[in-house]
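K.L.:
One structure is given below, represented as structure tokens, and several questions about it will come after.
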Amino acid sequence: EAAERGGFEHFMMKEIHEQPTAIKNTIGSLVSDKAIDLSKIELDDETIKNISNITIVACGSAWHVGMASQYVFEELSGIPVRVELASEFRYRGPILDKNTLVIVISQSGETADTLAALREAKERGVKTLAIVNVVGSSIAREADYVLYTLAGPEISVATTKAYSCQLVVTYLLALQFAFVRGKLEQKDYENYISEIERIPECIQKILDDKERIQWFASKIANSKDIFFIGRGIDYAIGLEGSLKMKEISYIHSEAYAAGELKHGTISLIEDGTLVIGILCQDNLYEKTISNMVECKSRGAFLMGLAPYGRYEIEDTADFVTYVPKMDKHFIGSLAVIPLQLLGYYVSVARGLDVDKPRNLAKSVTVE
Ligand code: G6P
């Protein structure tokens, strides 16, 4: 097993480091010469033009990909998007029409609830597209269209590289839908593709600086509660950061849309409670800072996560970590990396079984 871990202490760390390559391969499978090619999956332009709405269905981290990508789909393509937990979707009698596209996202392609949701959509005569990592899995076999993430086998229960590849596939899909539907000029389309192609090298830069996160993790490893706050895509990234933290460190953590804090959660802030503010959406930066200040005045210990250049956060936060600048639609792919590292290092500092956390399974094939 040590050999399989390729010199890393845990599969999770190995997989975190495989992200630049996994993402590069995934992009390479869909993009050539600054154009996205969906012809392999036979998703033709006519079908794309006719989509009236999208429902994204998934579980766990894959659902978080849906939560982040809804902003990208809606802003770029103008198609209304709804994101559903598969376990809810299947019992809700969802309203779908013949031009709804149901997108299911799953690493394993075997999650029982997601598979059932896919079957429900198919029975209702709706077109289905799956984003899957495991070739030949049930979801891959049954969906009308399949896009593969090329993350390779993921061993650690806490997903990292599959999540990141799923996110990138949703960006490419959103971009192609926008382009085919006449929402983007050729030049903007190509610029967005170039920006997505920068993701692997930017992630590598964050990984090269991981010791800073390790140091901070050792300071906060005994936290009782951790709150992740952000707005828009930053909120969706917070959901994933919070899940990483709780599943492998067993520290209670929650993600909140920053503006919702005042409607209840702020009463949980005590002296020293860690609040992590994600500040990667330029237009929401000041708003989230003001929510962080509200937490600080009630005793919170603050970590900020921002793009390089936005150094004002240092006046407010006790610890800050930066990610390279990137277009607001795609910067979530960078913001999630320090949060994966933080969950990992806290788990290690607490002496826990990082790769096999208690009570969890890599793939949940029962309801
Ligand atoms: C399990 C895993 C999660 C994963 C979820 C959905 O709970 O522990 O990491 O996000 O299932 O799995 P899927 O294979 O459908 O992506």
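By order in the structure tokens, chains are A, B, ...; within a chain, residues start at 1; ligands start at 1, following the order shown.
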For the contact check between chain A and ligand 1, emit one row per residue of chain A within 9 Å, containing the shortest atom pair and the distance in Å rounded to one decimal, counting only C-alpha atoms and all ligand atoms, chain then rising number order, as a tab-separated table.

P.N.:
```
residue	atom	partner	partner_atom_place_in_ligand_line	distance
A:Ala58	CA	ligand 1	15 (O)	6.5
A:Cys59	CA	ligand 1	6 (C)	4.7
A:Gly60	CA	ligand 1	10 (O)	3.9
A:Ser61	CA	ligand 1	10 (O)	3.8
A:Ala62	CA	ligand 1	10 (O)	5.1
A:Trp63	CA	ligand 1	10 (O)	7.4
A:His64	CA	ligand 1	10 (O)	8.4
A:Val104	CA	ligand 1	15 (O)	8.8
A:Ile105	CA	ligand 1	16 (O)	6.5
A:Ser106	CA	ligand 1	16 (O)	3.4
A:Gln107	CA	ligand 1	16 (O)	3.6
A:Ser108	CA	ligand 1	14 (O)	3.5
A:Gly109	CA	ligand 1	14 (O)	5.6
A:Glu110	CA	ligand 1	14 (O)	6.2
A:Thr111	CA	ligand 1	15 (O)	4.6
A:Ala112	CA	ligand 1	15 (O)	8.1
A:Asp113	CA	ligand 1	15 (O)	8.4
A:Thr114	CA	ligand 1	15 (O)	6.5
A:Leu115	CA	ligand 1	15 (O)	8.5
A:Val132	CA	ligand 1	16 (O)	7.8
A:Asn133	CA	ligand 1	14 (O)	8.2
A:Val134	CA	ligand 1	14 (O)	8.7
A:Ser156	CA	ligand 1	9 (O)	8.6
A:Val157	CA	ligand 1	8 (O)	5.1
A:Ala158	CA	ligand 1	9 (O)	4.9
A:Thr159	CA	ligand 1	9 (O)	4.7
A:Thr160	CA	ligand 1	9 (O)	8.3
A:Ala162	CA	ligand 1	16 (O)	7.9
A:Tyr163	CA	ligand 1	10 (O)	7.7
A:Leu243	CA	ligand 1	9 (O)	8.9
A:Lys244	CA	ligand 1	9 (O)	8.7
A:Glu247	CA	ligand 1	8 (O)	8.4
A:Leu360	CA	ligand 1	8 (O)	6.0
A:Ala361	CA	ligand 1	8 (O)	5.3
A:Lys362	CA	ligand 1	8 (O)	4.4
A:Ser363	CA	ligand 1	1 (C)	5.0
A:Val364	CA	ligand 1	11 (O)	5.6
A:Thr365	CA	ligand 1	11 (O)	8.8
```

K.L.:
Would you mind exporting C-alpha atoms of the selected residues as an mmCIF file, in the first residue's frame?

P.N.:
```cif
data_model
loop_
_atom_site.group_PDB
_atom_site.id
_atom_site.type_symbol
_atom_site.label_atom_id
_atom_site.label_comp_id
_atom_site.auth_asym_id
_atom_site.auth_seq_id
_atom_site.Cartn_x
_atom_site.Cartn_y
_atom_site.Cartn_z
ATOM 1 C CA ALA A 58 -26.268 14.481 -6.841
ATOM 2 C CA CYS A 59 -25.176 13.569 -3.305
ATOM 3 C CA GLY A 60 -22.405 14.772 -1.008
ATOM 4 C CA SER A 61 -19.502 16.566 -2.633
ATOM 5 C CA ALA A 62 -20.980 16.003 -6.084
ATOM 6 C CA TRP A 63 -24.019 17.987 -4.899
ATOM 7 C CA HIS A 64 -21.623 20.755 -3.872
ATOM 8 C CA VAL A 104 -26.431 13.809 -12.533
ATOM 9 C CA ILE A 105 -22.970 14.038 -11.008
ATOM 10 C CA SER A 106 -21.260 11.064 -9.371
ATOM 11 C CA GLN A 107 -17.692 9.949 -8.835
ATOM 12 C CA SER A 108 -18.508 6.255 -8.418
ATOM 13 C CA GLY A 109 -21.485 6.142 -10.737
ATOM 14 C CA GLU A 110 -23.076 3.762 -8.241
ATOM 15 C CA THR A 111 -24.610 5.954 -5.519
ATOM 16 C CA ALA A 112 -28.048 4.452 -4.931
ATOM 17 C CA ASP A 113 -29.961 7.715 -4.559
ATOM 18 C CA THR A 114 -28.320 9.303 -7.604
ATOM 19 C CA LEU A 115 -28.957 6.222 -9.718
ATOM 20 C CA VAL A 132 -19.012 10.295 -13.883
ATOM 21 C CA ASN A 133 -15.517 9.142 -12.950
ATOM 22 C CA VAL A 134 -15.884 5.368 -13.164
ATOM 23 C CA SER A 156 -9.549 8.241 0.022
ATOM 24 C CA VAL A 157 -13.149 8.370 1.258
ATOM 25 C CA ALA A 158 -12.986 12.164 1.310
ATOM 26 C CA THR A 159 -13.078 13.151 -2.341
ATOM 27 C CA THR A 160 -10.718 15.791 -3.684
ATOM 28 C CA ALA A 162 -12.907 13.800 -8.454
ATOM 29 C CA TYR A 163 -14.702 16.833 -7.021
ATOM 30 C CA LEU A 243 -17.777 18.773 4.616
ATOM 31 C CA LYS A 244 -14.059 18.004 4.245
ATOM 32 C CA GLU A 247 -15.893 14.113 7.691
ATOM 33 C CA LEU A 360 -18.419 6.666 6.113
ATOM 34 C CA ALA A 361 -18.152 4.744 2.869
ATOM 35 C CA LYS A 362 -16.544 5.765 -0.396
ATOM 36 C CA SER A 363 -19.607 4.800 -2.326
ATOM 37 C CA VAL A 364 -23.068 4.513 -0.783
ATOM 38 C CA THR A 365 -24.980 1.863 -2.693
#
```

K.L.:
Do a neighbour search on Ile276 in chain A at 7 Å with only C-alpha atoms, toss out local chain neighbours closer than 6 positions, and write the hits as a ChimeraX atom specification.

P.N.:
/A:227-229,302-304

K.L.:
Which residue, A:Pro153, A:Ile27, A:Ala140, A:Arg298, has the smallest gap to Ser267 in chain A when you use only C-alpha atoms?

P.N.:
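Comparing A:Pro153, A:Ile27, A:Ala140, A:Arg298 against Ser267 in chain A, the winner is A:Arg298.
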
K.L.:
Applying 8 Å and only C-alpha atoms, which residues near range 311-320 of chain A remain after dropping the ones on its own chain fewer than 5 positions away? List them as a PyMOL selection string.

P.N.:
chain A and resi 216+289+292-293+301-306

K.L.:
Range 248-356 of chain A near range 2-14 of chain A within 9 Å: what's each residue's closest atom pair and its distance in Å to one decimal, counting only C-alpha atoms, ordered by chain then ascending residue number, as JSON lines?

P.N.:
```
{"residue": "A:Leu341", "atom": "CA", "partner": "A:Met13", "partner_atom": "CA", "distance": 8.0}
{"residue": "A:Tyr344", "atom": "CA", "partner": "A:Met13", "partner_atom": "CA", "distance": 7.5}
{"residue": "A:Val354", "atom": "CA", "partner": "A:His10", "partner_atom": "CA", "distance": 7.1}
{"residue": "A:Asp355", "atom": "CA", "partner": "A:Met12", "partner_atom": "CA", "distance": 6.1}
```

K.L.:
Given the selection you just returned, output its residues as a file containing N, CA and C atoms, formatted as a PDB file, in the first residue's frame.

P.N.:
```
ATOM      1  N   LEU A 341      -6.752  21.082   2.130  1.00  0.00           N
ATOM      2  CA  LEU A 341      -5.506  20.931   2.897  1.00  0.00           C
ATOM      3  C   LEU A 341      -5.764  21.129   4.388  1.00  0.00           C
ATOM      4  N   TYR A 344      -7.413  18.106   5.829  1.00  0.00           N
ATOM      5  CA  TYR A 344      -6.410  17.032   5.898  1.00  0.00           C
ATOM      6  C   TYR A 344      -5.478  17.219   7.088  1.00  0.00           C
ATOM      7  N   VAL A 354      -7.247   9.355   8.364  1.00  0.00           N
ATOM      8  CA  VAL A 354      -7.626  10.314   7.310  1.00  0.00           C
ATOM      9  C   VAL A 354      -8.362   9.643   6.151  1.00  0.00           C
ATOM     10  N   ASP A 355      -7.823   8.547   5.676  1.00  0.00           N
ATOM     11  CA  ASP A 355      -8.364   7.933   4.455  1.00  0.00           C
ATOM     12  C   ASP A 355      -9.640   7.125   4.693  1.00  0.00           C
TER      13      ASP A 355
END
```

K.L.:
List every residue of range 56-263 of chain A that DSSP, applied to the backbone of this structure, assigns to helix (DSSP H, G or I), and report them as an MDAnalysis selection string.

P.N.:
chainID A and resid 60:77 86:89 112:123 138:142 161:180 186:197 199:208 210:220 233:249 258:263

K.L.:
Between A:Ala236, A:Ile36, A:Ser137, A:Asp97, which has the minimum distance to Tyr189 in chain A (counting only C-alpha atoms)?

P.N.:
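Using only C-alpha atoms, the shortest distance to Tyr189 in chain A belongs to A:Ile36.
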
K.L.:
Tell me which of A:Ser69, A:Ser249, A:Ser297, A:Asn283 sits closest to Val348 in chain A, counting only C-alpha atoms.

P.N.:
A:Ser249

K.L.:
Produce a table with one row for each residue of range 107-214 of chain A that has an atom at most 8 Å from any atom of range 48-52 of chain A, each row naming the nearest atom pair and its distance in Å at one decimal; use only C-alpha atoms; arrange rows by chain and rising residue number; format as a Markdown table.

P.N.:
```
| residue | atom | partner | partner_atom | distance |
| --- | --- | --- | --- | --- |
| A:Phe177 | CA | A:Ile48 | CA | 6.2 |
| A:Val180 | CA | A:Lys49 | CA | 6.9 |
| A:Arg181 | CA | A:Lys49 | CA | 5.7 |
```

K.L.:
Can you list, as a PyMOL selection string, every protein, DNA or RNA residue that comes within 10 Å of range 308-310 of chain A when you count only C-alpha atoms, leaving out same-chain residues fewer than 4 positions away?

P.N.:
chain A and resi 279-280+282+285+314+321-326

K.L.:
Can you write just those residues out, C-alpha atoms, as a tab-separated table (two decimals), in the first residue's frame?

P.N.:
```
chain	number	residue	atom	x	y	z
A	279	LEU	CA	-13.72	36.15	-0.16
A	280	CYS	CA	-13.02	35.21	-3.76
A	282	ASP	CA	-14.93	40.44	-6.03
A	285	TYR	CA	-15.88	40.91	-0.87
A	314	GLU	CA	-5.44	41.45	6.90
A	321	THR	CA	-4.34	32.56	2.97
A	322	TYR	CA	-4.28	33.65	-0.66
A	323	VAL	CA	-5.00	32.00	-3.99
A	324	PRO	CA	-3.97	33.22	-7.46
A	325	LYS	CA	-6.33	35.65	-9.18
A	326	MET	CA	-8.75	34.10	-11.63
```

K.L.:
A:Thr100, A:Cys165, A:Leu184, A:Ala35: which is nearest Pro80 in chain A, counting only C-alpha atoms?

P.N.:
A:Thr100
